[in-house]
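*Asks:* Next comes the structure file coords21.pdb, holding PDB, C-alpha atoms.
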ATOM      1  CA  MET J  12      -3.035  -8.462  -1.180
ATOM      2  CA  PRO J  13      -1.284 -11.613  -2.311
ATOM      3  CA  THR J  14      -3.483 -12.167  -5.336
ATOM      4  CA  PRO J  15      -1.481 -13.876  -8.060
ATOM      5  CA  ILE J  16      -0.867 -11.881 -11.217
ATOM      6  CA  THR J  17      -2.534 -14.725 -13.122
ATOM      7  CA  ALA J  18      -5.812 -13.778 -11.418
ATOM      8  CA  PHE J  19      -5.518 -10.249 -12.837
ATOM      9  CA  ALA J  20      -4.628 -11.680 -16.255
ATOM     10  CA  ASP J  21      -7.597 -14.048 -16.179
ATOM     11  CA  ALA J  22      -9.937 -11.200 -15.212
ATOM     12  CA  ALA J  23      -8.666  -9.131 -18.154
ATOM     13  CA  ALA J  24      -9.234 -12.132 -20.431
ATOM     14  CA  LYS J  25     -12.712 -12.801 -19.051
ATOM     15  CA  TYR J  26     -14.051  -9.250 -19.051
ATOM     16  CA  GLY J  27     -11.903  -7.624 -21.747
ATOM     17  CA  ASP J  28     -11.010 -10.425 -24.141
ATOM     18  CA  ILE J  29      -7.323  -9.727 -23.536
ATOM     19  CA  ASP J  30      -4.557 -12.285 -24.110
ATOM     20  CA  PRO J  31      -3.798 -13.328 -20.510
ATOM     21  CA  ASP J  32      -0.158 -14.069 -21.339
ATOM     22  CA  ASP J  33       0.431 -10.539 -22.614
ATOM     23  CA  VAL J  34       1.143  -8.773 -19.332
ATOM     24  CA  GLU J  35       1.478  -5.339 -20.944
ATOM     25  CA  ALA J  36      -1.963  -5.701 -22.544
ATOM     26  CA  VAL J  37      -3.347  -6.775 -19.158
ATOM     27  CA  GLN J  38      -1.793  -3.705 -17.504
ATOM     28  CA  GLU J  39      -3.228  -1.449 -20.197
ATOM     29  CA  TRP J  40      -6.682  -2.992 -19.812
ATOM     30  CA  PHE J  41      -6.703  -2.365 -16.053
ATOM     31  CA  ALA J  42      -5.509   1.214 -16.523
ATOM     32  CA  GLU J  43      -7.567   2.226 -19.559
ATOM     33  CA  GLU J  44     -10.570  -0.050 -20.042
ATOM     34  CA  LEU J  45     -11.623  -1.228 -16.589
ATOM     35  CA  PRO J  46     -12.631   2.294 -15.443
ATOM     36  CA  LYS J  47     -15.051   2.532 -18.399
ATOM     37  CA  LEU J  48     -16.954  -0.639 -17.466
ATOM     38  CA  PRO J  49     -20.252  -0.710 -15.556
ATOM     39  CA  VAL J  50     -20.044  -0.695 -11.785
ATOM     40  CA  ASP J  51     -21.454  -4.228 -11.567
ATOM     41  CA  THR J  52     -18.655  -5.556 -13.763
ATOM     42  CA  ILE J  53     -15.987  -3.770 -11.734
ATOM     43  CA  GLU J  54     -17.459  -5.292  -8.579
ATOM     44  CA  GLN J  55     -17.382  -8.701 -10.249
ATOM     45  CA  VAL J  56     -13.687  -8.220 -11.120
ATOM     46  CA  LEU J  57     -13.005  -7.345  -7.469
ATOM     47  CA  HIS J  58     -14.954 -10.441  -6.419
ATOM     48  CA  ASP J  59     -12.942 -12.657  -8.789
ATOM     49  CA  LEU J  60      -9.636 -11.262  -7.517
ATOM     50  CA  LEU J  61     -10.533 -11.572  -3.834
ATOM     51  CA  GLU J  62     -11.692 -15.121  -4.449
ATOM     52  CA  ARG J  63      -8.153 -16.020  -5.540
ATOM     53  CA  ASP J  64      -6.434 -13.965  -2.880
ATOM     54  CA  GLY J  65      -3.820 -16.075  -1.135
ATOM     55  CA  THR J  66      -3.889 -18.828  -3.772
ATOM     56  CA  THR J  67      -0.810 -19.952  -5.629
ATOM     57  CA  ALA J  68      -0.395 -19.044  -9.288
ATOM     58  CA  GLU J  69      -1.083 -22.121 -11.375
ATOM     59  CA  ARG J  70       1.125 -20.857 -14.194
ATOM     60  CA  THR J  71       3.901 -18.342 -14.663
ATOM     61  CA  ILE J  72       3.510 -15.004 -16.365
ATOM     62  CA  ILE J  73       6.867 -13.534 -17.246
ATOM     63  CA  PRO J  74       7.007  -9.941 -15.989
ATOM     64  CA  VAL J  75       7.932  -7.178 -18.403
ATOM     65  CA  TYR J  76       9.977  -4.381 -16.889
ATOM     66  CA  PRO J  77       9.987  -1.128 -18.851
ATOM     67  CA  LYS J  78      13.440   0.052 -19.931
ATOM     68  CA  GLY J  79      14.978   3.509 -19.868
ATOM     69  CA  VAL J  80      12.525   5.013 -17.397
ATOM     70  CA  ARG J  81      14.018   8.129 -15.816
ATOM     71  CA  LEU J  82      13.658   9.082 -12.184
ATOM     72  CA  PRO J  83      10.582  11.219 -11.513
ATOM     73  CA  SER J  84      11.105  14.960 -11.209
ATOM     74  CA  LEU J  85      10.350  16.914  -8.047
ATOM     75  CA  GLY J  86       7.661  18.762  -9.983
ATOM     76  CA  SER J  87       5.801  15.507 -10.558
ATOM     77  CA  SER J  88       6.143  14.641  -6.890
ATOM     78  CA  PRO J  89       4.744  17.494  -4.826
ATOM     79  CA  GLN J  90       5.020  17.171  -1.061
ATOM     80  CA  VAL J  91       1.671  16.365   0.490
ATOM     81  CA  ALA J  92       0.357  19.004   2.814
ATOM     82  CA  PRO J  93       2.081  18.929   6.183
ATOM     83  CA  PRO J  94       0.009  16.843   8.565
ATOM     84  CA  LEU J  95      -1.270  19.776  10.551
ATOM     85  CA  LEU J  96      -4.623  18.161  11.059
ATOM     86  CA  ALA J  97      -2.934  14.932  12.095
ATOM     87  CA  GLU J  98      -0.898  16.842  14.667
ATOM     88  CA  GLU J  99      -4.003  18.482  16.081
ATOM     89  CA  TRP J 100      -5.853  15.187  16.238
ATOM     90  CA  LYS J 101      -2.883  13.526  17.889
ATOM     91  CA  ARG J 102      -2.638  16.226  20.562
ATOM     92  CA  LEU J 103      -6.360  16.075  21.233
ATOM     93  CA  LEU J 104      -6.424  12.281  21.371
ATOM     94  CA  SER J 105      -3.354  12.173  23.625
ATOM     95  CA  ARG J 106      -5.027  14.549  26.081
ATOM     96  CA  LEU J 107      -8.242  12.537  26.047
ATOM     97  CA  LEU J 108      -6.465   9.216  26.459
ATOM     98  CA  ASN J 109      -4.345  10.563  29.335
ATOM     99  CA  ARG J 110      -7.456  11.866  31.053
ATOM    100  CA  LEU J 111      -9.161   8.483  30.671
ATOM    101  CA  ARG J 112      -6.105   6.669  32.042
ATOM    102  CA  ARG J 113      -6.077   8.891  35.148
ATOM    103  CA  ARG J 114      -9.671   8.007  36.008
TER     104      ARG J 114
ATOM    105  CA  MET O  29      18.845  14.094   1.020
ATOM    106  CA  PRO O  30      15.573  14.873   2.785
ATOM    107  CA  ILE O  31      12.639  12.481   2.708
ATOM    108  CA  ARG O  32       9.414  13.653   1.132
ATOM    109  CA  VAL O  33       5.944  12.108   1.184
ATOM    110  CA  ALA O  34       4.224  12.741  -2.146
ATOM    111  CA  LYS O  35       0.952  11.680  -3.682
ATOM    112  CA  MET O  36       1.665   8.591  -5.727
ATOM    113  CA  THR O  37       1.795   9.399  -9.442
ATOM    114  CA  ALA O  38       2.193   7.367 -12.630
ATOM    115  CA  PRO O  39       5.910   8.297 -13.055
ATOM    116  CA  HIS O  40       6.623   6.919  -9.560
ATOM    117  CA  VAL O  41       4.929   3.613 -10.294
ATOM    118  CA  LEU O  42       6.493   3.279 -13.740
ATOM    119  CA  TRP O  43       9.992   3.923 -12.392
ATOM    120  CA  TRP O  44       9.366   1.488  -9.538
ATOM    121  CA  HIS O  45       8.315  -1.271 -11.927
ATOM    122  CA  SER O  46      11.281  -0.622 -14.183
ATOM    123  CA  HIS O  47      13.964  -0.395 -11.523
ATOM    124  CA  VAL O  48      12.907  -1.543  -8.041
ATOM    125  CA  GLN O  49      10.508  -4.413  -8.752
ATOM    126  CA  PRO O  50      13.069  -6.432 -10.788
ATOM    127  CA  ILE O  51      15.375  -6.428  -7.761
ATOM    128  CA  ILE O  52      12.528  -7.392  -5.401
ATOM    129  CA  ASP O  53      11.586 -10.184  -7.794
ATOM    130  CA  ARG O  54      15.040 -11.737  -7.388
ATOM    131  CA  ASP O  55      14.305 -12.345  -3.698
ATOM    132  CA  PRO O  56      11.654 -15.058  -3.279
ATOM    133  CA  SER O  57      11.581 -14.529   0.490
ATOM    134  CA  ARG O  58       9.954 -11.105   0.150
ATOM    135  CA  ALA O  59       6.190 -10.832   0.518
ATOM    136  CA  ASP O  60       6.105  -8.356  -2.391
ATOM    137  CA  ASN O  61       7.993 -10.668  -4.736
ATOM    138  CA  GLY O  62       6.136 -10.769  -8.064
ATOM    139  CA  TRP O  63       3.995  -7.731  -7.351
ATOM    140  CA  ASN O  64       2.906  -5.493 -10.196
ATOM    141  CA  TRP O  65       2.070  -1.946  -9.117
ATOM    142  CA  LEU O  66       1.121  -1.087 -12.692
ATOM    143  CA  LEU O  67      -1.886  -3.360 -12.087
ATOM    144  CA  TYR O  68      -2.535  -2.648  -8.436
ATOM    145  CA  VAL O  69      -2.731   1.140  -8.570
ATOM    146  CA  PRO O  70      -5.328   1.509 -11.345
ATOM    147  CA  PHE O  71      -7.310  -1.400  -9.922
ATOM    148  CA  ALA O  72      -7.274  -0.045  -6.381
ATOM    149  CA  GLU O  73      -8.268   3.412  -7.636
ATOM    150  CA  VAL O  74     -11.199   2.106  -9.682
ATOM    151  CA  ALA O  75     -12.433  -0.486  -7.187
ATOM    152  CA  GLY O  76     -11.971   1.950  -4.306
ATOM    153  CA  ARG O  77     -14.015   4.623  -6.054
ATOM    154  CA  VAL O  78     -16.778   2.225  -7.064
ATOM    155  CA  LEU O  79     -17.103   0.940  -3.513
ATOM    156  CA  ILE O  80     -16.823   4.500  -2.133
ATOM    157  CA  ARG O  81     -13.721   3.506  -0.182
ATOM    158  CA  LYS O  82     -11.782   6.744  -0.851
ATOM    159  CA  PRO O  83      -8.581   5.254  -2.321
ATOM    160  CA  ALA O  84      -5.289   7.117  -1.864
ATOM    161  CA  GLY O  85      -1.719   6.377  -2.869
ATOM    162  CA  TYR O  86       1.492   7.819  -1.417
ATOM    163  CA  THR O  87       5.147   7.599  -2.328
ATOM    164  CA  VAL O  88       7.913   8.057   0.225
ATOM    165  CA  GLY O  89      11.034   9.268  -1.532
ATOM    166  CA  LEU O  90      14.318  11.114  -1.363
ATOM    167  CA  THR O  91      14.514  14.568  -2.880
ATOM    168  CA  ASP O  92      17.442  15.988  -4.797
ATOM    169  CA  PRO O  93      16.616  19.630  -5.572
ATOM    170  CA  GLU O  94      19.929  20.239  -7.364
ATOM    171  CA  ARG O  95      19.177  17.632 -10.004
ATOM    172  CA  ASP O  96      15.388  17.941  -9.773
ATOM    173  CA  ARG O  97      14.995  14.284  -8.949
ATOM    174  CA  PHE O  98      12.678  12.359  -6.669
ATOM    175  CA  VAL O  99      13.773   8.821  -5.754
ATOM    176  CA  PRO O 100      10.818   6.641  -4.725
ATOM    177  CA  CYS O 101      11.772   4.478  -1.722
ATOM    178  CA  ALA O 102       8.377   3.129  -0.625
ATOM    179  CA  LEU O 103       4.880   2.919  -2.104
ATOM    180  CA  VAL O 104       1.657   2.760  -0.086
ATOM    181  CA  GLN O 105      -1.802   2.191  -1.559
ATOM    182  CA  LEU O 106      -4.654   2.789   0.889
ATOM    183  CA  LEU O 107      -8.397   2.668   1.121
ATOM    184  CA  GLY O 108      -9.440   5.648   3.198
ATOM    185  CA  ARG O 109     -12.857   4.521   4.304
ATOM    186  CA  VAL O 110     -13.528   0.952   5.394
ATOM    187  CA  PRO O 111     -15.292  -0.371   8.518
ATOM    188  CA  ALA O 112     -12.848  -0.765  11.406
ATOM    189  CA  LEU O 113     -11.912  -4.318  12.322
ATOM    190  CA  ASP O 114     -12.398  -3.778  16.054
ATOM    191  CA  ASP O 115     -15.592  -1.746  15.834
ATOM    192  CA  HIS O 116     -17.605  -2.264  12.663
ATOM    193  CA  HIS O 117     -19.564   0.955  13.223
ATOM    194  CA  ARG O 118     -16.391   3.075  13.057
ATOM    195  CA  GLU O 119     -14.360   3.852   9.964
ATOM    196  CA  SER O 120     -10.728   3.006   9.372
ATOM    197  CA  VAL O 121      -7.983   3.227   6.780
ATOM    198  CA  PHE O 122      -6.969  -0.051   5.152
ATOM    199  CA  VAL O 123      -3.457  -0.563   3.787
ATOM    200  CA  TRP O 124      -4.007  -2.523   0.595
ATOM    201  CA  PHE O 125      -0.431  -2.575  -0.718
ATOM    202  CA  LEU O 126       2.805  -1.471   0.917
ATOM    203  CA  SER O 127       6.288  -2.020  -0.451
ATOM    204  CA  THR O 128       9.749  -0.712   0.415
ATOM    205  CA  ALA O 129      12.787  -0.586  -1.828
ATOM    206  CA  PRO O 130      15.689  -2.895  -0.970
ATOM    207  CA  ASP O 131      18.996  -1.081  -0.397
ATOM    208  CA  GLU O 132      20.380  -2.528  -3.615
ATOM    209  CA  ALA O 133      17.633  -0.856  -5.650
ATOM    210  CA  LEU O 134      18.607   2.549  -4.289
ATOM    211  CA  SER O 135      22.364   2.125  -4.508
ATOM    212  CA  SER O 136      22.276   0.872  -8.095
ATOM    213  CA  ILE O 137      20.354   3.637  -9.877
ATOM    214  CA  ALA O 138      22.340   4.127 -13.069
ATOM    215  CA  ASP O 139      22.630   7.918 -13.142
ATOM    216  CA  HIS O 140      21.754   8.598  -9.515
ATOM    217  CA  PRO O 141      23.114   6.009  -7.074
ATOM    218  CA  ILE O 142      22.280   6.696  -3.430
ATOM    219  CA  PRO O 143      25.355   6.336  -1.192
ATOM    220  CA  ALA O 144      24.997   3.642   1.444
ATOM    221  CA  ASP O 145      25.033   6.184   4.270
ATOM    222  CA  ARG O 146      22.174   8.138   2.672
ATOM    223  CA  ILE O 147      19.804   5.234   2.191
ATOM    224  CA  PRO O 148      16.873   5.875   4.522
ATOM    225  CA  ARG O 149      16.358   3.432   7.371
ATOM    226  CA  ARG O 150      13.045   2.353   8.860
ATOM    227  CA  LEU O 151      11.281   2.641   5.519
ATOM    228  CA  GLY O 152       8.643   0.118   6.584
ATOM    229  CA  SER O 153       7.858   2.124   9.712
ATOM    230  CA  ILE O 154       7.739   5.347   7.713
ATOM    231  CA  ALA O 155       5.370   3.821   5.156
ATOM    232  CA  LEU O 156       3.100   2.540   7.908
ATOM    233  CA  ASP O 157       3.234   5.973   9.527
ATOM    234  CA  VAL O 158       2.000   7.485   6.255
ATOM    235  CA  ALA O 159      -1.102   5.308   6.569
ATOM    236  CA  VAL O 160      -1.667   6.299  10.205
ATOM    237  CA  THR O 161      -1.191   9.987   9.344
ATOM    238  CA  HIS O 162      -3.721   9.617   6.530
ATOM    239  CA  SER O 163      -6.111   8.057   9.026
ATOM    240  CA  LEU O 164      -5.644  10.974  11.446
ATOM    241  CA  ASN O 165      -6.088  13.513   8.664
ATOM    242  CA  GLU O 166      -9.235  11.777   7.424
ATOM    243  CA  ARG O 167     -10.717  11.835  10.938
ATOM    244  CA  ARG O 168     -10.395   8.078  11.377
ATOM    245  CA  LEU O 169      -8.539   8.777  14.658
ATOM    246  CA  GLY O 170      -5.537   6.735  13.533
ATOM    247  CA  ARG O 171      -7.533   3.537  13.023
ATOM    248  CA  THR O 172      -5.587   1.623  10.377
ATOM    249  CA  ALA O 173      -5.813  -2.007   9.316
ATOM    250  CA  LEU O 174      -4.066  -4.346   6.918
ATOM    251  CA  TYR O 175      -3.663  -7.973   5.981
ATOM    252  CA  ALA O 176      -0.194  -9.425   6.559
ATOM    253  CA  ASP O 177       0.612 -11.347   3.394
ATOM    254  CA  GLU O 178       0.917 -15.089   4.054
ATOM    255  CA  ARG O 179       4.238 -15.154   2.247
ATOM    256  CA  GLY O 180       5.701 -12.912   4.928
ATOM    257  CA  GLY O 181       5.063 -15.731   7.402
ATOM    258  CA  ASP O 182       5.257 -15.291  11.139
ATOM    259  CA  ALA O 183       8.126 -12.795  10.801
ATOM    260  CA  LEU O 184       5.917 -10.258   9.017
ATOM    261  CA  LEU O 185       3.085 -10.750  11.491
ATOM    262  CA  GLN O 186       5.488 -10.250  14.375
ATOM    263  CA  TRP O 187       6.890  -7.100  12.726
ATOM    264  CA  TYR O 188       3.430  -5.523  12.590
ATOM    265  CA  HIS O 189       2.827  -6.633  16.177
ATOM    266  CA  ARG O 190       6.072  -4.951  17.261
ATOM    267  CA  ARG O 191       4.873  -1.811  15.509
ATOM    268  CA  GLY O 192       1.955  -1.742  17.958
ATOM    269  CA  MET O 193      -0.706  -3.413  15.855
ATOM    270  CA  THR O 194      -3.220  -5.860  17.287
ATOM    271  CA  VAL O 195      -3.736  -9.137  15.461
ATOM    272  CA  LEU O 196      -7.401  -9.930  14.856
ATOM    273  CA  PRO O 197      -8.142 -13.459  16.174
ATOM    274  CA  ASP O 198      -8.810 -15.964  13.421
ATOM    275  CA  GLU O 199     -12.305 -16.686  14.746
ATOM    276  CA  ALA O 200     -13.288 -12.989  14.676
ATOM    277  CA  LYS O 201     -15.870 -11.852  12.162
ATOM    278  CA  LEU O 202     -14.840  -9.246   9.598
ATOM    279  CA  PRO O 203     -17.071  -6.237   8.941
ATOM    280  CA  PRO O 204     -19.758  -6.719   6.266
ATOM    281  CA  GLY O 205     -18.276  -6.663   2.765
ATOM    282  CA  PRO O 206     -16.740  -8.991   0.209
ATOM    283  CA  ARG O 207     -13.765  -9.822   2.430
ATOM    284  CA  ARG O 208     -15.978 -11.352   5.129
ATOM    285  CA  LEU O 209     -16.973 -14.066   2.681
ATOM    286  CA  LEU O 210     -13.975 -14.287   0.369
ATOM    287  CA  LYS O 211     -11.063 -13.560   2.697
ATOM    288  CA  PRO O 212     -12.278 -14.230   6.242
ATOM    289  CA  SER O 213     -10.120 -13.682   9.281
ATOM    290  CA  ASP O 214      -7.344 -16.235   9.543
ATOM    291  CA  GLY O 215      -5.218 -14.557  12.188
ATOM    292  CA  ARG O 216      -3.353 -12.305   9.739
ATOM    293  CA  TYR O 217      -5.503  -9.162   9.826
ATOM    294  CA  CYS O 218      -3.851  -6.479  11.958
ATOM    295  CA  TYR O 219      -5.135  -3.134  13.147
ATOM    296  CA  TYR O 220      -4.265  -0.087  15.195
ATOM    297  CA  THR O 221      -6.560   0.897  18.013
ATOM    298  CA  VAL O 222      -6.808   4.653  18.573
ATOM    299  CA  PRO O 223      -4.366   4.711  21.529
ATOM    300  CA  ALA O 224      -1.876   2.462  19.704
ATOM    301  CA  ALA O 225      -2.025   4.643  16.582
ATOM    302  CA  VAL O 226      -1.368   7.796  18.603
ATOM    303  CA  GLU O 227       1.586   6.151  20.335
ATOM    304  CA  VAL O 228       3.188   4.828  17.151
ATOM    305  CA  SER O 229       2.684   8.162  15.422
ATOM    306  CA  LYS O 230       4.527   9.958  18.218
ATOM    307  CA  GLU O 231       7.558   7.712  17.692
ATOM    308  CA  LEU O 232       8.367   9.303  14.352
ATOM    309  CA  ASP O 233       7.601  12.875  15.382
ATOM    310  CA  PRO O 234      11.325  13.735  15.673
ATOM    311  CA  LEU O 235      11.718  12.955  11.956
ATOM    312  CA  ARG O 236       8.895  15.202  10.760
TER     313      ARG O 236
END
Could you quickly redo this structure as structure tokens?
*Replies:*
Amino acid sequence: MPTPITAFADAAAKYGDIDPDDVEAVQEWFAEELPKLPVDTIEQVLHDLLERDGTTAERTIIPVYPKGVRLPSLGSSPQVAPPLLAEEWKRLLSRLLNRLRRR
Amino acid sequence: MPIRVAKMTAPHVLWWHSHVQPIIDRDPSRADNGWNWLLYVPFAEVAGRVLIRKPAGYTVGLTDPERDRFVPCALVQLLGRVPALDDHHRESVFVWFLSTAPDEALSSIADHPIPADRIPRRLGSIALDVAVTHSLNERRLGRTALYADERGGDALLQWYHRRGMTVLPDEAKLPPGPRRLLKPSDGRYCYYTVPAAVEVSKELDPLR
């Protein structure tokens, strides 16, 4: 979704009274405060962001990249379950599609 | 180093924003230039839950068991339950955000550089395959859709087309929902039909 970061910042300012130029505060608001808001407000935020999807940012927000972040451990990155179900579905669908093609 | 598909977690996203995104942001030609996953993931999770869209995030990464390290190479944020673009009565997966690490990001990790010959190829295809696999697992029969970012231009659209996706005509009506009004079809929505999803999924079977 090519929604400019300024749209996120403006939503945080509008619904959370956050300084839109403080990108770390905006990030924190989306992570911590947005989930606590009423459903209607969350839907309105989504509406605001989609409305600006594909538009060009009218100002620049300088990104802040965290420093000294270590690579994740394997323990924090468990392998998702092997796609057994996907394999079964694929086999079943392949058989069905082949049968339909033969008709 | 083997490739692993893991559920996306906060450490993955934080590391990505600290190390990979700055390198992506130096390349204005990339569609994901200027992205901020620290915003997208919590937003997609909250909005997806509120709209009952079953959000899910995955990280494709390299594993290094000796050093207990996981190197994120691609991030995929999905909605697991949206109306299909080609049949509004069926359900589909929607790829909301997808990003792959440039080679430079993987070869320049300070304490863990990945040698050039170990950098995984076809990361975009693998990330898209994660979405299709999720669709199969969620009984969406492989139906998967996405919007090809305008900044990727015709090249990005053609890439998805070469991966077997169908481009929704710009006059086609989107399924009911906020996108129909706010982000109508403009010839950049792409989707997998069931047969196309099965075919593209088979292509990567040798790597599983």
*Asks:* Can you work out the spacing between atom CA of J:Leu60 and atom CA of O:Thr172 in Å, to one decimal?
*Replies:*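 Spanning atom CA of J:Leu60 to atom CA of O:Thr172 is a straight-line distance of 22.4 Å.
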*Asks:* Name the residues captured by the PyMOL selection byres ((chain J and resi 20) around 10) when it is applied to the shown file; answer as a list in words.
*Replies:*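 Output of the PyMOL selection byres ((chain J and resi 20) around 10): Pro15, Ile16, Thr17, Ala18, Phe19, Asp21, Ala22, Ala23, Ala24, Lys25, Gly27, Ile29, Asp30, Pro31, Asp32, Asp33, Val34, Glu35, Ala36, Val37, Gln38, Trp40, Phe41 and Ile72 of chain J; Leu67 of chain O.
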*Asks:* Include C-alpha atoms and write out the residues we just selected as a CSV table (one decimal), in the frame of the given file.
*Replies:*
chain,number,residue,atom,x,y,z
J,15,PRO,CA,-1.5,-13.9,-8.1
J,16,ILE,CA,-0.9,-11.9,-11.2
J,17,THR,CA,-2.5,-14.7,-13.1
J,18,ALA,CA,-5.8,-13.8,-11.4
J,19,PHE,CA,-5.5,-10.2,-12.8
J,21,ASP,CA,-7.6,-14.0,-16.2
J,22,ALA,CA,-9.9,-11.2,-15.2
J,23,ALA,CA,-8.7,-9.1,-18.2
J,24,ALA,CA,-9.2,-12.1,-20.4
J,25,LYS,CA,-12.7,-12.8,-19.1
J,27,GLY,CA,-11.9,-7.6,-21.7
J,29,ILE,CA,-7.3,-9.7,-23.5
J,30,ASP,CA,-4.6,-12.3,-24.1
J,31,PRO,CA,-3.8,-13.3,-20.5
J,32,ASP,CA,-0.2,-14.1,-21.3
J,33,ASP,CA,0.4,-10.5,-22.6
J,34,VAL,CA,1.1,-8.8,-19.3
J,35,GLU,CA,1.5,-5.3,-20.9
J,36,ALA,CA,-2.0,-5.7,-22.5
J,37,VAL,CA,-3.3,-6.8,-19.2
J,38,GLN,CA,-1.8,-3.7,-17.5
J,40,TRP,CA,-6.7,-3.0,-19.8
J,41,PHE,CA,-6.7,-2.4,-16.1
J,72,ILE,CA,3.5,-15.0,-16.4
O,67,LEU,CA,-1.9,-3.4,-12.1
*Asks:* Which one of O:Gly108, O:Ala133, O:Ile80, O:Asp115 sits closest to O:His45 if you count only C-alpha atoms?
*Replies:* O:Ala133
*Asks:* Hey, what comes out of the PyMOL selection byres ((chain O and resi 144) around 9) on this file? Could you write it as an NGL selection string?
*Replies:* :O and (131 or 134-135 or 142-143 or 145-148)
*Asks:* To test your reading of the syntax: which residues would the PyMOL selection byres ((chain J and resi 14) around 12) return for the file shown? Reply as a ChimeraX atom specification.
*Replies:* /J:12-13,15-22,57-69 /O:59-64,67-68,124-125,177-179,211
*Asks:* So how far away is atom CA of O:Val74 from atom CA of J:Pro77, in Å?
*Replies:*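 Answer for the atom CA of J:Pro77 to atom CA of O:Val74 separation: 23.3 Å.
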*Asks:* Have a look at atom CA of O:Asp157 and atom CA of J:Lys101 and let me know their distance in Å, one decimal.
*Replies:* 12.8 Å
*Asks:* Closest to O:Ala155 among O:Pro83, O:Pro223, O:Pro100, O:Pro70, using only C-alpha atoms?
*Replies:* O:Pro100
*Asks:* From the options J:Lys47, J:Arg70, J:Arg106, J:Lys78, which residue's atoms come nearest to chain O, counting all atoms listed in the file?
*Replies:* J:Lys78
*Asks:* Applying 7 Å and all atoms listed in the file, which residues near stretch 190-198 of chain O remain after dropping the ones on its own chain fewer than 2 positions away? List them as a PyMOL selection string.
*Replies:* chain O and resi 186-188+200+213-220+224+228
*Asks:* Which is closer to chain O than all the others in J:Ile73, J:Glu99, J:Gln90, J:Leu107, using only C-alpha atoms?
*Replies:*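 Ranking J:Ile73, J:Glu99, J:Gln90, J:Leu107 by distance to chain O, first place goes to J:Gln90.
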*Asks:* Taking all atoms listed in the file into account, which of O:Ala173, O:Met29, O:Val78, O:Cys101 comes nearest chain J?
*Replies:*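 Looking at the shortest contact to chain J, the residue is O:Val78.
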*Asks:* Identify, on the basis of only C-alpha atoms, every residue whose closest approach to O:Val33 does not exceed 10 Å; exclude the query and any residue fewer than 5 positions from it along the same chain; express the result as a list of chain:residue names.
*Replies:*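 Surrounding residues, per the criterion: J:Ser88, J:Pro89, J:Gln90, J:Val91, J:Ala92, J:Pro93, O:Tyr86, O:Thr87, O:Val88, O:Gly89, O:Leu90, O:Thr91, O:Pro100, O:Ala102, O:Leu103, O:Ile154, O:Ala155, O:Val158.
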*Asks:* Output: stretch 72-110 of chain J of the preceding structure, restricted to C-alpha atoms, written as a short mmCIF file (atom, residue, chain, number, x, y, z; two decimals), in the first residue's frame.
*Replies:*
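File out-v3.cif, as written:
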data_model
loop_
_atom_site.label_atom_id
_atom_site.label_comp_id
_atom_site.auth_asym_id
_atom_site.auth_seq_id
_atom_site.Cartn_x
_atom_site.Cartn_y
_atom_site.Cartn_z
CA ILE J 72 9.35 13.13 7.52
CA ILE J 73 12.90 12.12 8.28
CA PRO J 74 12.98 8.41 9.12
CA VAL J 75 14.58 7.29 12.36
CA TYR J 76 16.41 3.98 12.15
CA PRO J 77 17.06 2.27 15.48
CA LYS J 78 20.73 1.61 16.22
CA GLY J 79 22.42 -1.45 17.67
CA VAL J 80 19.58 -3.87 16.98
CA ARG J 81 20.87 -7.44 17.01
CA LEU J 82 19.77 -10.14 14.62
CA PRO J 83 16.76 -12.10 15.88
CA SER J 84 17.43 -15.46 17.50
CA LEU J 85 16.11 -18.73 16.12
CA GLY J 86 14.04 -19.09 19.27
CA SER J 87 12.16 -15.91 18.43
CA SER J 88 11.62 -17.14 14.89
CA PRO J 89 9.98 -20.55 15.02
CA GLN J 90 9.39 -22.29 11.71
CA VAL J 91 5.73 -22.20 10.75
CA ALA J 92 4.10 -25.57 10.54
CA PRO J 93 5.02 -27.41 7.36
CA PRO J 94 2.35 -26.77 4.76
CA LEU J 95 0.84 -30.21 4.97
CA LEU J 96 -2.63 -28.89 4.44
CA ALA J 97 -1.42 -26.82 1.51
CA GLU J 98 0.11 -29.93 -0.03
CA GLU J 99 -3.13 -31.86 0.36
CA TRP J 100 -5.16 -29.03 -1.10
CA LYS J 101 -2.74 -28.70 -3.99
CA ARG J 102 -2.94 -32.41 -4.80
CA LEU J 103 -6.72 -32.39 -4.61
CA LEU J 104 -7.04 -29.25 -6.72
CA SER J 105 -4.56 -30.56 -9.30
CA ARG J 106 -6.59 -33.76 -9.68
CA LEU J 107 -9.84 -31.82 -10.01
CA LEU J 108 -8.40 -29.35 -12.50
CA ASN J 109 -6.90 -32.15 -14.61
CA ARG J 110 -10.23 -33.95 -14.64
#
